[in-house]
$ cat final.txt   # compact mmCIF, C-alpha atoms and all ligand atoms
# COMPACT_ATOMS: atom_id res chain seq x y z
CA MET A 1 -9.67 55.40 72.22
CA THR A 2 -13.26 55.86 71.03
CA PRO A 3 -15.56 56.73 73.95
CA VAL A 4 -18.48 54.44 74.79
CA PRO A 5 -21.84 56.15 75.26
CA PRO A 6 -22.32 56.83 78.98
CA PRO A 7 -23.46 53.57 80.59
CA GLY A 8 -26.55 53.23 82.70
CA ASP A 9 -26.56 51.16 85.87
CA GLU A 10 -26.03 47.98 83.85
CA PRO A 11 -23.60 48.13 80.94
CA ASP A 12 -25.28 47.68 77.57
CA MET A 13 -23.47 44.54 76.34
CA ALA A 14 -24.53 44.93 72.71
CA ALA A 15 -23.17 48.49 72.60
CA LEU A 16 -20.03 47.38 74.42
CA ALA A 17 -19.42 44.55 71.93
CA GLU A 18 -19.60 47.04 69.05
CA THR A 19 -17.25 49.41 70.83
CA ILE A 20 -14.80 46.59 71.55
CA LYS A 21 -14.69 45.90 67.81
CA THR A 22 -13.91 49.55 67.11
CA TRP A 23 -11.18 49.46 69.74
CA GLY A 24 -9.80 46.29 68.19
CA ARG A 25 -9.32 48.15 64.89
CA GLU A 26 -7.79 51.12 66.70
CA LEU A 27 -5.30 48.76 68.30
CA GLY A 28 -4.23 47.44 64.90
CA PHE A 29 -6.14 44.14 64.81
CA GLN A 30 -7.60 43.37 61.42
CA GLN A 31 -10.57 41.48 62.84
CA LEU A 32 -12.21 40.82 66.19
CA GLY A 33 -15.03 38.41 66.98
CA ILE A 34 -16.75 37.17 70.12
CA THR A 35 -17.78 33.60 70.90
CA ASP A 36 -19.14 31.50 73.72
CA VAL A 37 -17.09 28.70 75.27
CA ASP A 38 -18.79 25.61 73.85
CA LEU A 39 -16.13 23.71 71.90
CA ALA A 40 -17.69 20.23 72.15
CA GLU A 41 -17.23 19.49 68.44
CA ASP A 42 -13.61 20.60 68.50
CA GLU A 43 -12.98 18.59 71.66
CA ALA A 44 -13.98 15.40 69.84
CA HIS A 45 -11.73 16.32 66.92
CA LEU A 46 -8.78 16.97 69.25
CA GLU A 47 -9.33 13.70 71.12
CA ALA A 48 -9.30 11.72 67.87
CA TRP A 49 -6.14 13.55 66.73
CA LEU A 50 -4.38 12.78 70.00
CA ALA A 51 -5.58 9.16 70.03
CA ALA A 52 -4.05 8.70 66.56
CA GLY A 53 -0.72 9.96 67.95
CA HIS A 54 -0.59 12.79 65.42
CA HIS A 55 0.86 15.14 68.04
CA GLY A 56 4.16 13.25 68.15
CA GLU A 57 6.42 14.57 70.93
CA MET A 58 4.13 17.51 71.70
CA GLY A 59 3.09 16.10 75.06
CA PHE A 60 1.78 19.53 76.05
CA MET A 61 -1.09 19.03 73.59
CA ALA A 62 -2.41 16.13 75.69
CA LYS A 63 -1.29 17.16 79.13
CA HIS A 64 -3.96 19.71 80.07
CA GLY A 65 -6.97 17.43 79.70
CA THR A 66 -10.15 19.32 78.92
CA LYS A 67 -8.71 22.70 79.98
CA ARG A 68 -7.80 23.26 76.34
CA THR A 69 -11.29 22.70 75.02
CA ARG A 70 -13.24 24.12 77.97
CA PRO A 71 -12.14 27.71 78.53
CA GLU A 72 -14.12 27.91 81.77
CA GLU A 73 -11.91 25.16 83.22
CA LEU A 74 -8.73 27.02 82.31
CA VAL A 75 -10.00 30.36 83.63
CA PRO A 76 -12.97 29.84 85.97
CA GLY A 77 -15.83 32.21 85.28
CA THR A 78 -15.06 32.60 81.56
CA ARG A 79 -18.25 33.11 79.57
CA ARG A 80 -16.98 34.63 76.35
CA VAL A 81 -13.80 34.70 74.31
CA ILE A 82 -12.78 37.73 72.28
CA SER A 83 -10.73 36.44 69.36
CA VAL A 84 -8.47 38.78 67.37
CA ARG A 85 -6.58 38.52 64.09
CA LEU A 86 -3.29 40.23 63.27
CA ASP A 87 -1.96 39.92 59.71
CA TYR A 88 1.80 39.41 59.54
CA LEU A 89 3.11 39.26 55.99
CA PRO A 90 5.48 42.20 55.43
CA ALA A 91 5.35 43.95 52.05
CA GLU A 92 8.99 43.38 51.19
CA VAL A 93 9.27 39.70 52.12
CA GLU A 94 10.27 37.05 49.56
CA THR A 95 8.07 33.95 49.45
CA THR A 96 8.02 31.35 46.73
CA LYS A 97 11.20 32.51 44.97
CA VAL A 98 13.32 31.40 47.92
CA LEU A 99 11.71 27.97 47.93
CA GLY A 100 12.79 27.60 44.32
CA ARG A 101 16.43 28.42 45.09
CA PRO A 102 17.82 25.48 47.08
CA SER A 103 21.03 27.26 48.13
CA LEU A 104 18.93 29.77 50.10
CA ALA A 105 17.31 29.07 53.46
CA TYR A 106 13.52 29.19 53.74
CA VAL A 107 12.28 30.48 57.10
CA SER A 108 8.54 30.43 57.64
CA ARG A 109 7.25 33.91 56.88
CA TYR A 110 5.88 34.50 60.34
CA ALA A 111 9.41 34.19 61.73
CA THR A 112 11.60 36.47 59.61
CA GLY A 113 10.98 39.51 61.83
CA ARG A 114 10.38 40.12 65.51
CA ASP A 115 8.34 37.74 67.61
CA TYR A 116 4.67 38.72 67.78
CA HIS A 117 3.77 37.45 71.25
CA LYS A 118 4.75 40.54 73.25
CA LEU A 119 3.23 42.98 70.81
CA MET A 120 -0.08 41.15 70.71
CA ARG A 121 -0.27 40.53 74.46
CA LYS A 122 0.34 44.24 75.11
CA ARG A 123 -2.49 45.20 72.79
CA LEU A 124 -4.86 42.70 74.35
CA ALA A 125 -3.93 44.08 77.78
CA THR A 126 -4.71 47.60 76.51
CA LEU A 127 -8.04 46.39 75.19
CA ALA A 128 -8.83 44.91 78.62
CA LYS A 129 -7.92 48.20 80.32
CA TRP A 130 -10.20 50.15 78.02
CA ILE A 131 -13.04 47.77 78.76
CA GLU A 132 -12.35 48.06 82.47
CA ALA A 133 -12.48 51.83 82.24
CA GLU A 134 -16.02 51.49 80.91
CA VAL A 135 -17.55 48.68 82.93
CA GLY A 136 -15.39 48.57 86.03
CA ALA A 137 -13.43 45.56 87.24
CA PHE A 138 -14.21 42.39 85.29
CA GLY A 139 -12.64 38.94 84.94
CA TYR A 140 -10.28 38.41 82.03
CA ARG A 141 -7.04 36.82 80.85
CA ALA A 142 -5.17 37.43 77.63
CA PHE A 143 -3.60 34.57 75.69
CA VAL A 144 -1.21 34.62 72.78
CA ASP A 145 -0.17 31.07 72.00
CA SER A 146 0.81 30.83 75.67
CA ALA A 147 -1.53 28.31 77.29
CA PRO A 148 -3.78 25.42 76.32
CA VAL A 149 -6.12 27.42 74.12
CA MET A 150 -7.92 26.18 70.98
CA GLU A 151 -7.21 29.40 69.17
CA ARG A 152 -8.31 28.37 65.67
CA ALA A 153 -11.49 26.70 66.92
CA LEU A 154 -12.38 29.78 68.96
CA ALA A 155 -11.62 32.06 66.01
CA ARG A 156 -13.86 29.97 63.73
CA LYS A 157 -16.68 30.17 66.25
CA ALA A 158 -16.12 33.91 66.58
CA GLY A 159 -16.65 34.27 62.81
CA LEU A 160 -13.05 34.88 61.75
CA GLY A 161 -12.80 32.08 59.17
CA TRP A 162 -13.22 28.40 58.36
CA PHE A 163 -10.90 25.42 58.71
CA GLY A 164 -9.19 24.78 55.40
CA LYS A 165 -8.18 21.29 54.33
CA ASN A 166 -4.69 22.25 55.54
CA ALA A 167 -6.21 22.68 59.07
CA MET A 168 -5.37 26.38 59.04
CA LEU A 169 -7.97 29.01 59.74
CA LEU A 170 -8.81 30.67 56.44
CA ASN A 171 -10.54 33.94 55.84
CA PRO A 172 -12.07 34.45 52.40
CA ARG A 173 -10.79 38.03 52.24
CA ALA A 174 -7.45 37.61 54.00
CA GLY A 175 -6.09 34.07 53.48
CA SER A 176 -4.37 32.47 56.44
CA LEU A 177 -1.11 34.34 57.05
CA PHE A 178 -2.14 35.90 60.35
CA PHE A 179 -1.70 35.46 64.09
CA LEU A 180 -4.54 34.88 66.53
CA GLY A 181 -4.91 36.04 70.12
CA GLU A 182 -7.65 35.73 72.72
CA LEU A 183 -9.12 37.58 75.65
CA TYR A 184 -11.08 35.25 77.93
CA THR A 185 -13.70 37.23 79.80
CA ASP A 186 -16.59 36.81 82.22
CA LEU A 187 -18.63 39.54 80.50
CA PRO A 188 -21.89 38.20 78.96
CA LEU A 189 -21.24 39.87 75.60
CA PRO A 190 -23.44 38.96 72.61
CA VAL A 191 -21.69 36.41 70.42
CA ASP A 192 -20.93 36.59 66.70
CA GLU A 193 -22.14 34.08 64.13
CA PRO A 194 -19.68 31.19 63.73
CA PHE A 195 -18.09 30.84 60.31
CA GLU A 196 -19.97 27.84 58.93
CA THR A 197 -19.26 27.96 55.19
CA ASP A 198 -16.43 25.84 53.86
CA HIS A 199 -14.94 27.69 50.90
CA CYS A 200 -12.43 24.96 49.95
CA GLY A 201 -14.91 23.26 47.65
CA SER A 202 -13.20 20.70 45.38
CA CYS A 203 -9.76 22.30 45.80
CA SER A 204 -7.07 20.16 47.42
CA ALA A 205 -4.00 22.12 46.37
CA CYS A 206 -2.61 22.14 49.91
CA ARG A 207 -2.76 18.36 50.22
CA THR A 208 -1.06 17.88 46.88
CA ALA A 209 1.63 20.47 47.60
CA CYS A 210 2.62 19.22 51.06
CA PRO A 211 6.21 18.01 50.59
CA THR A 212 5.87 15.25 53.20
CA GLN A 213 2.18 14.30 52.70
CA ALA A 214 1.51 15.36 56.26
CA ILE A 215 -2.13 16.28 55.57
CA VAL A 216 -3.48 12.78 56.05
CA GLU A 217 -7.16 13.69 55.76
CA ASP A 218 -9.01 16.90 55.06
CA ARG A 219 -8.28 19.19 58.02
CA VAL A 220 -6.05 16.58 59.71
CA VAL A 221 -2.29 17.13 59.83
CA ASP A 222 -0.07 14.39 61.21
CA ALA A 223 2.42 16.62 62.98
CA ARG A 224 5.04 13.86 62.98
CA ALA A 225 5.40 14.30 59.24
CA CYS A 226 4.93 18.07 59.13
CA ILE A 227 8.05 20.13 58.45
CA SER A 228 6.93 22.79 60.92
CA TYR A 229 6.95 20.15 63.65
CA LEU A 230 10.17 18.51 62.44
CA THR A 231 12.11 21.79 62.38
CA ILE A 232 10.60 23.48 65.45
CA GLU A 233 8.97 21.06 67.89
CA LEU A 234 11.04 17.90 67.48
CA PHE A 235 14.05 17.74 69.79
CA GLY A 236 15.92 14.73 68.43
CA ALA A 237 17.03 13.57 65.02
CA ILE A 238 14.87 14.38 62.03
CA PRO A 239 13.76 11.02 60.58
CA GLU A 240 15.77 10.37 57.41
CA ARG A 241 12.68 9.64 55.37
CA TYR A 242 11.64 13.30 55.60
CA ARG A 243 14.99 14.99 55.14
CA GLU A 244 15.09 15.14 51.37
CA ALA A 245 11.49 16.39 51.20
CA MET A 246 12.37 19.21 53.59
CA GLY A 247 14.39 20.83 50.82
CA ASN A 248 15.63 24.22 52.06
CA ARG A 249 12.92 24.72 54.72
CA VAL A 250 14.96 25.27 57.87
CA PHE A 251 12.40 26.79 60.23
CA GLY A 252 8.76 25.96 59.67
CA CYS A 253 7.00 25.49 56.36
CA ASP A 254 4.37 27.53 54.55
CA ASP A 255 3.77 25.45 51.44
CA CYS A 256 0.18 24.49 52.24
CA GLN A 257 -0.62 28.15 52.74
CA LEU A 258 1.36 29.57 49.83
CA VAL A 259 -0.44 27.35 47.30
CA CYS A 260 -3.85 28.14 48.72
CA PRO A 261 -5.88 30.27 46.31
CA TYR A 262 -7.05 32.43 49.22
CA THR A 263 -3.48 33.45 50.01
CA ARG A 264 -3.67 35.93 47.14
CA PHE A 265 -6.01 37.94 49.34
CA THR A 266 -3.37 38.27 52.07
CA ARG A 267 -3.18 41.80 53.35
CA VAL A 268 0.28 43.16 53.77
CA SER A 269 1.18 44.03 57.35
CA ARG A 270 2.11 47.57 58.30
CA GLU A 271 3.72 46.43 61.58
CA GLY A 272 7.36 47.49 61.61
CA ASP A 273 8.14 44.60 63.99
CA PHE A 274 7.34 42.02 61.32
CA ALA A 275 9.76 43.38 58.70
CA PRO A 276 12.48 40.80 57.92
CA ARG A 277 15.69 41.15 59.89
CA HIS A 278 19.21 39.90 59.14
CA ASP A 279 18.03 38.86 55.66
CA LEU A 280 16.19 35.93 57.22
CA ASP A 281 13.82 35.91 54.27
CA ARG A 282 16.58 35.42 51.71
CA ALA A 283 19.90 34.45 53.36
CA SER A 284 21.97 31.58 52.00
CA LEU A 285 22.18 28.31 53.91
CA VAL A 286 25.97 28.62 54.01
CA SER A 287 25.89 32.10 55.55
CA LEU A 288 23.43 31.06 58.28
CA PHE A 289 25.37 27.87 58.99
CA ALA A 290 28.48 30.00 59.59
CA TRP A 291 26.84 31.93 62.46
CA SER A 292 28.62 31.32 65.74
CA GLU A 293 26.46 30.60 68.77
CA GLU A 294 26.99 34.19 69.91
CA GLU A 295 25.79 35.49 66.57
CA PHE A 296 22.82 33.17 66.71
CA LEU A 297 21.87 34.49 70.15
CA GLU A 298 22.37 38.07 69.11
CA LYS A 299 20.55 37.87 65.77
CA THR A 300 17.62 35.82 66.99
CA ALA A 301 16.97 37.93 70.10
CA GLY A 302 13.25 38.72 69.98
CA ASN A 303 12.76 36.35 67.03
CA PRO A 304 10.78 33.07 67.13
CA ILE A 305 13.84 31.14 65.89
CA ARG A 306 15.51 31.67 69.27
CA ARG A 307 13.27 29.06 70.91
CA ILE A 308 14.76 26.11 69.03
CA GLY A 309 18.30 26.95 70.19
CA TYR A 310 21.58 26.85 68.32
CA GLU A 311 21.94 23.06 68.18
CA ARG A 312 18.61 22.46 66.42
CA TRP A 313 19.24 25.48 64.19
CA LEU A 314 22.45 23.78 62.97
CA ARG A 315 20.60 20.46 62.66
CA ASN A 316 17.99 22.02 60.39
CA LEU A 317 20.52 23.93 58.31
CA ALA A 318 22.59 20.77 57.85
CA VAL A 319 19.56 19.08 56.28
CA GLY A 320 19.09 22.07 53.98
CA LEU A 321 22.75 21.93 52.98
CA GLY A 322 22.47 18.21 52.25
CA ASN A 323 19.66 19.07 49.85
CA ALA A 324 21.48 22.02 48.24
CA PRO A 325 23.19 21.64 44.86
CA TRP A 326 26.82 20.55 45.20
CA SER A 327 29.38 23.32 45.60
CA ARG A 328 32.79 23.60 47.18
CA ALA A 329 31.39 26.22 49.58
CA VAL A 330 28.63 23.88 50.79
CA GLU A 331 30.99 20.94 51.24
CA ALA A 332 33.52 23.13 53.06
CA ALA A 333 30.83 24.55 55.36
CA LEU A 334 29.74 21.03 56.31
CA MET A 335 33.31 19.84 56.81
CA ALA A 336 33.93 22.74 59.16
CA ARG A 337 31.08 21.55 61.38
CA LEU A 338 32.17 17.92 61.60
CA PRO A 339 33.95 18.43 64.93
CA TYR A 340 30.97 20.26 66.45
CA PRO A 341 30.44 18.89 69.97
CA SER A 342 26.90 17.55 69.52
CA ASP A 343 26.01 14.05 68.35
CA LEU A 344 22.78 15.42 66.92
CA VAL A 345 24.51 18.03 64.77
CA ARG A 346 27.34 15.72 63.70
CA GLU A 347 24.93 13.00 62.56
CA HIS A 348 23.00 15.47 60.38
CA VAL A 349 26.24 16.95 59.05
CA ARG A 350 27.51 13.48 58.10
CA TRP A 351 24.22 12.74 56.34
CA ALA A 352 24.49 16.02 54.44
CA LEU A 353 28.13 15.42 53.54
CA ASP A 354 27.33 11.99 52.15
CA ARG A 355 24.73 13.56 49.91
CA GLN A 356 27.03 16.34 48.81
CA ARG A 357 29.82 13.88 47.97
CA GLU A 358 27.41 11.75 45.99
CA LYS A 359 26.32 14.82 44.03
CA ARG A 360 29.97 15.69 43.37
CA ARG A 361 30.63 12.15 42.09
CA GLN A 362 27.63 12.34 39.77
CA ARG A 363 28.77 15.70 38.52
CA ILE A 364 32.24 14.37 37.71
CA ALA A 365 30.79 11.23 36.08
CA SER A 366 28.54 13.27 33.83
CA ALA A 367 31.22 15.84 32.88
S1 LIG B 401 3.30 23.09 56.99
FE1 LIG B 401 4.36 22.09 55.25
S2 LIG B 401 4.75 20.01 55.91
FE2 LIG B 401 3.21 20.87 57.32
S3 LIG B 401 1.26 20.28 56.46
FE3 LIG B 401 1.73 22.29 55.60
S4 LIG B 401 2.82 21.86 53.68
FE4 LIG B 401 2.80 19.97 54.87
S1 LIG B 402 -5.46 25.01 49.20
FE1 LIG B 402 -7.59 24.63 48.63
S2 LIG B 402 -8.22 22.89 49.90
FE2 LIG B 402 -6.36 23.75 50.81
S3 LIG B 402 -7.06 25.17 52.35
FE3 LIG B 402 -6.76 26.36 50.48
S4 LIG B 402 -8.76 26.34 49.46
FE4 LIG B 402 -8.81 24.75 51.01
$ encode --input "final.txt" --output "structure tokens" --more "lines below"
Ligand code: SF4
Ligand code: SF4
Amino acid sequence: MTPVPPPGDEPDMAALAETIKTWGRELGFQQLGITDVDLAEDEAHLEAWLAAGHHGEMGFMAKHGTKRTRPEELVPGTRRVISVRLDYLPAEVETTKVLGRPSLAYVSRYATGRDYHKLMRKRLATLAKWIEAEVGAFGYRAFVDSAPVMERALARKAGLGWFGKNAMLLNPRAGSLFFLGELYTDLPLPVDEPFETDHCGSCSACRTACPTQAIVEDRVVDARACISYLTIELFGAIPERYREAMGNRVFGCDDCQLVCPYTRFTRVSREGDFAPRHDLDRASLVSLFAWSEEEFLEKTAGNPIRRIGYERWLRNLAVGLGNAPWSRAVEAALMARLPYPSDLVREHVRWALDRQREKRRQRIASA
């Protein structure tokens, strides 16, 4: 921990802000910015998005009223938000090759290793302790995707990046494959310049590449059509009209980030926790579909996939298998799941089997 110059009676907020940035780097964050709590513009954007119903079943997006867009209502006394960035792409992870091999399962690249929440929260807590050691007791709360927080909007205001047409936060030197975390604080720290420049220009590669055309306007994603929502947030049946377009994406989707020209500036993560486990970056659909519930619970302990549960995991994999090229192994794997005691799983398995049988018929007819 880098020492702060001895404080006078009143802490020097400008010096403290600089020191906090140094501490952020020491703690492994790639970037740290500070913003005020005025999100009026983003509040209007969120209200329009909710009014259009783009949040689908994510009732939690609407339920907290203005607490999401007014940090001082969520944590009374908040005057500043410290926003941090943590890059997550491991060096050895496969990306686009797996998408091109439909017998393999594509898991969003943030989810092939250990979950990031604990790691990030611990570091934010350490940062708060270091600040406290310098200025004495102060008001703060750390958030890592855990409460109604407009994390991308706060990060943009704190100077970490701009909103791409895919609605992700993009950094011109680091792309968008990173996590964000926040420390709400009552310290009157000087704020950073918001990121105002839009570097997308005439590019619209993300909109073109989206398999389900979920990016309905620049910077507006209709979650109901987004594969990340369909495979992670949605509890019931995946609407049939999206199943074929899902391809082999069984947990999340990265297409609109992978095609982005700024993704080539992604910095590889040195965090051991994010290294892929259980071959989740390259496993076959059939092998994952064969996991028992016990194996699922064991292998996804500490992994973001755990939150969707075994039933939805099978649901998603069944869709992937329906989209896979025909093979005896795929058909047998689906047949073996027909008696599974869940209407949701059985319906998706039947859909997949119908598609596999049709592919077999076409194969025989063309032989
Ligand atoms: S995550 Fe996938 S489905 Fe969702 S907007 Fe991006 S490309 Fe489209
Ligand atoms: S793909 Fe192009 S339009 Fe989309 S976010 Fe990246 S730069 Fe912007």
$ residues_near_ligand --input "final.txt" --ligand "ligand LIG 401 (chain B)" --cutoff "7 Å" --atoms "only C-alpha atoms and all ligand atoms" --output "JSON, numbers by chain"
{"A": [166, 206, 209, 210, 211, 212, 213, 214, 215, 221, 225, 226, 227, 228, 252, 253, 254, 255, 256, 257]}
$ closest_residue --input "final.txt" --among "A:Val191, A:Leu27, A:Ala283, A:Ala158" --to "Val93 of chain A" --atoms "only C-alpha atoms"
A:Ala283
$ atom_distance --input "final.txt" --atom1 "atom CA of Arg337 of chain A" --atom2 "atom CA of Val98 of chain A"
24.4 Å
$ residues_around --input "final.txt" --residues "Tyr340 of chain A" --least-positions-apart "4" --cutoff "10 Å" --atoms "all atoms listed in the file" --output "PyMOL selection string"
chain A and resi 311+314+335-336+344-346+349
$ closest_residue --input "final.txt" --among "A:Lys165, A:Arg282, A:Arg267, A:Arg315" --to "ligand LIG 402 (chain B)" --atoms "all atoms listed in the file"
A:Lys165
$ closest_residue --input "final.txt" --among "A:Phe296, A:Tyr262, A:Glu233, A:Arg79" --to "Gly59 of chain A" --atoms "all atoms listed in the file"
A:Glu233
$ residues_around --input "final.txt" --residues "segment 38-52 of chain A" --least-positions-apart "2" --cutoff "12 Å" --atoms "all atoms listed in the file" --output "mmCIF file with C-alpha atoms, in the coordinates of the input"
data_model
loop_
_atom_site.group_PDB
_atom_site.id
_atom_site.type_symbol
_atom_site.label_atom_id
_atom_site.label_comp_id
_atom_site.auth_asym_id
_atom_site.auth_seq_id
_atom_site.Cartn_x
_atom_site.Cartn_y
_atom_site.Cartn_z
ATOM 1 C CA THR A 35 -17.780 33.600 70.900
ATOM 2 C CA ASP A 36 -19.140 31.500 73.720
ATOM 3 C CA HIS A 54 -0.590 12.790 65.420
ATOM 4 C CA HIS A 55 0.860 15.140 68.040
ATOM 5 C CA GLY A 56 4.160 13.250 68.150
ATOM 6 C CA GLU A 57 6.420 14.570 70.930
ATOM 7 C CA MET A 58 4.130 17.510 71.700
ATOM 8 C CA GLY A 59 3.090 16.100 75.060
ATOM 9 C CA PHE A 60 1.780 19.530 76.050
ATOM 10 C CA MET A 61 -1.090 19.030 73.590
ATOM 11 C CA ALA A 62 -2.410 16.130 75.690
ATOM 12 C CA LYS A 63 -1.290 17.160 79.130
ATOM 13 C CA GLY A 65 -6.970 17.430 79.700
ATOM 14 C CA THR A 66 -10.150 19.320 78.920
ATOM 15 C CA LYS A 67 -8.710 22.700 79.980
ATOM 16 C CA ARG A 68 -7.800 23.260 76.340
ATOM 17 C CA THR A 69 -11.290 22.700 75.020
ATOM 18 C CA ARG A 70 -13.240 24.120 77.970
ATOM 19 C CA PRO A 71 -12.140 27.710 78.530
ATOM 20 C CA GLU A 72 -14.120 27.910 81.770
ATOM 21 C CA GLU A 73 -11.910 25.160 83.220
ATOM 22 C CA THR A 78 -15.060 32.600 81.560
ATOM 23 C CA ARG A 79 -18.250 33.110 79.570
ATOM 24 C CA ARG A 80 -16.980 34.630 76.350
ATOM 25 C CA VAL A 81 -13.800 34.700 74.310
ATOM 26 C CA VAL A 149 -6.120 27.420 74.120
ATOM 27 C CA MET A 150 -7.920 26.180 70.980
ATOM 28 C CA GLU A 151 -7.210 29.400 69.170
ATOM 29 C CA ARG A 152 -8.310 28.370 65.670
ATOM 30 C CA ALA A 153 -11.490 26.700 66.920
ATOM 31 C CA LEU A 154 -12.380 29.780 68.960
ATOM 32 C CA ALA A 155 -11.620 32.060 66.010
ATOM 33 C CA ARG A 156 -13.860 29.970 63.730
ATOM 34 C CA LYS A 157 -16.680 30.170 66.250
ATOM 35 C CA ALA A 158 -16.120 33.910 66.580
ATOM 36 C CA PHE A 163 -10.900 25.420 58.710
ATOM 37 C CA ALA A 167 -6.210 22.680 59.070
ATOM 38 C CA VAL A 191 -21.690 36.410 70.420
ATOM 39 C CA PRO A 194 -19.680 31.190 63.730
ATOM 40 C CA VAL A 216 -3.480 12.780 56.050
ATOM 41 C CA GLU A 217 -7.160 13.690 55.760
ATOM 42 C CA ARG A 219 -8.280 19.190 58.020
ATOM 43 C CA VAL A 220 -6.050 16.580 59.710
ATOM 44 C CA VAL A 221 -2.290 17.130 59.830
ATOM 45 C CA ASP A 222 -0.070 14.390 61.210
ATOM 46 C CA ALA A 223 2.420 16.620 62.980
ATOM 47 C CA ARG A 224 5.040 13.860 62.980
#
$ closest_atom_pairs --input "final.txt" --of "chain A" --to "ligand LIG 402 (chain B)" --cutoff "6 Å" --atoms "only C-alpha atoms and all ligand atoms" --output "JSON lines"
{"residue": "A:Gly164", "atom": "CA", "partner": "B:LIG402", "partner_atom": "S3", "distance": 3.7}
{"residue": "A:Lys165", "atom": "CA", "partner": "B:LIG402", "partner_atom": "S3", "distance": 4.5}
{"residue": "A:Asn166", "atom": "CA", "partner": "B:LIG402", "partner_atom": "S3", "distance": 4.9}
{"residue": "A:Cys200", "atom": "CA", "partner": "B:LIG402", "partner_atom": "FE4", "distance": 3.8}
{"residue": "A:Cys203", "atom": "CA", "partner": "B:LIG402", "partner_atom": "FE1", "distance": 4.3}
{"residue": "A:Ser204", "atom": "CA", "partner": "B:LIG402", "partner_atom": "S2", "distance": 3.9}
{"residue": "A:Ala205", "atom": "CA", "partner": "B:LIG402", "partner_atom": "S1", "distance": 4.3}
{"residue": "A:Cys206", "atom": "CA", "partner": "B:LIG402", "partner_atom": "S1", "distance": 4.1}
{"residue": "A:Val259", "atom": "CA", "partner": "B:LIG402", "partner_atom": "S1", "distance": 5.9}
{"residue": "A:Cys260", "atom": "CA", "partner": "B:LIG402", "partner_atom": "S1", "distance": 3.6}
{"residue": "A:Pro261", "atom": "CA", "partner": "B:LIG402", "partner_atom": "FE3", "distance": 5.8}
$ residues_around --input "final.txt" --residues "Ala17 of chain A" --least-positions-apart "5" --cutoff "9 Å" --atoms "only C-alpha atoms" --output "PyMOL selection string"
chain A and resi 12+22+34+189-191
$ closest_residue --input "final.txt" --among "A:Gly181, A:Pro90, A:Gly33, A:Gly136" --to "Asp281 of chain A" --atoms "all atoms listed in the file"
A:Pro90
$ closest_atom_pairs --input "final.txt" --of "segment 84-117 of chain A" --to "segment 285-295 of chain A" --cutoff "7 Å" --atoms "only C-alpha atoms" --output "JSON lines"
{"residue": "A:Ser103", "atom": "CA", "partner": "A:Leu285", "partner_atom": "CA", "distance": 6.0}
{"residue": "A:Leu104", "atom": "CA", "partner": "A:Leu285", "partner_atom": "CA", "distance": 5.2}
{"residue": "A:Ala105", "atom": "CA", "partner": "A:Leu285", "partner_atom": "CA", "distance": 4.9}
$ write_last_selection --input "final.txt" --atoms "C-alpha atoms" --output "compact mmCIF listing (two decimals), in the coordinates of the input"
# COMPACT_ATOMS: atom_id res chain seq x y z
CA SER A 103 21.03 27.26 48.13
CA LEU A 104 18.93 29.77 50.10
CA ALA A 105 17.31 29.07 53.46
$ closest_residue --input "final.txt" --among "A:Ala333, A:Leu74, A:Ile131, A:Leu338" --to "Leu187 of chain A" --atoms "all atoms listed in the file"
A:Ile131
$ atom_distance --input "final.txt" --atom1 "atom CA of Val144 of chain A" --atom2 "atom CA of Ser83 of chain A"
10.3 Å
$ atom_distance --input "final.txt" --atom1 "atom CA of Ala275 of chain A" --atom2 "atom CA of Pro325 of chain A"
29.1 Å
$ decode --input "final.txt" --residues "segment 279-288 of chain A" --atoms "N, CA and C atoms" --output "mmCIF file, in the first residue's frame"
data_model
loop_
_atom_site.group_PDB
_atom_site.id
_atom_site.type_symbol
_atom_site.label_atom_id
_atom_site.label_comp_id
_atom_site.auth_asym_id
_atom_site.auth_seq_id
_atom_site.Cartn_x
_atom_site.Cartn_y
_atom_site.Cartn_z
ATOM 1 N N ASP A 279 -12.828 -27.305 -18.803
ATOM 2 C CA ASP A 279 -12.928 -27.151 -20.265
ATOM 3 C C ASP A 279 -14.173 -26.377 -20.681
ATOM 4 N N LEU A 280 -14.644 -25.475 -19.823
ATOM 5 C CA LEU A 280 -15.888 -24.771 -20.159
ATOM 6 C C LEU A 280 -15.736 -23.848 -21.363
ATOM 7 N N ASP A 281 -14.522 -23.635 -21.794
ATOM 8 C CA ASP A 281 -14.334 -22.799 -22.988
ATOM 9 C C ASP A 281 -14.292 -23.627 -24.263
ATOM 10 N N ARG A 282 -14.357 -24.958 -24.137
ATOM 11 C CA ARG A 282 -14.223 -25.759 -25.357
ATOM 12 C C ARG A 282 -14.908 -27.125 -25.288
ATOM 13 N N ALA A 283 -15.689 -27.376 -24.241
ATOM 14 C CA ALA A 283 -16.303 -28.702 -24.064
ATOM 15 C C ALA A 283 -17.378 -28.952 -25.121
ATOM 16 N N SER A 284 -17.634 -30.225 -25.397
ATOM 17 C CA SER A 284 -18.695 -30.540 -26.360
ATOM 18 C C SER A 284 -20.058 -30.441 -25.680
ATOM 19 N N LEU A 285 -21.068 -30.163 -26.488
ATOM 20 C CA LEU A 285 -22.440 -30.095 -25.963
ATOM 21 C C LEU A 285 -22.827 -31.430 -25.339
ATOM 22 N N VAL A 286 -22.452 -32.524 -26.017
ATOM 23 C CA VAL A 286 -22.835 -33.848 -25.525
ATOM 24 C C VAL A 286 -22.211 -34.104 -24.156
ATOM 25 N N SER A 287 -20.943 -33.746 -23.982
ATOM 26 C CA SER A 287 -20.293 -34.032 -22.692
ATOM 27 C C SER A 287 -20.933 -33.207 -21.572
ATOM 28 N N LEU A 288 -21.286 -31.973 -21.839
ATOM 29 C CA LEU A 288 -21.908 -31.149 -20.780
ATOM 30 C C LEU A 288 -23.322 -31.624 -20.476
#
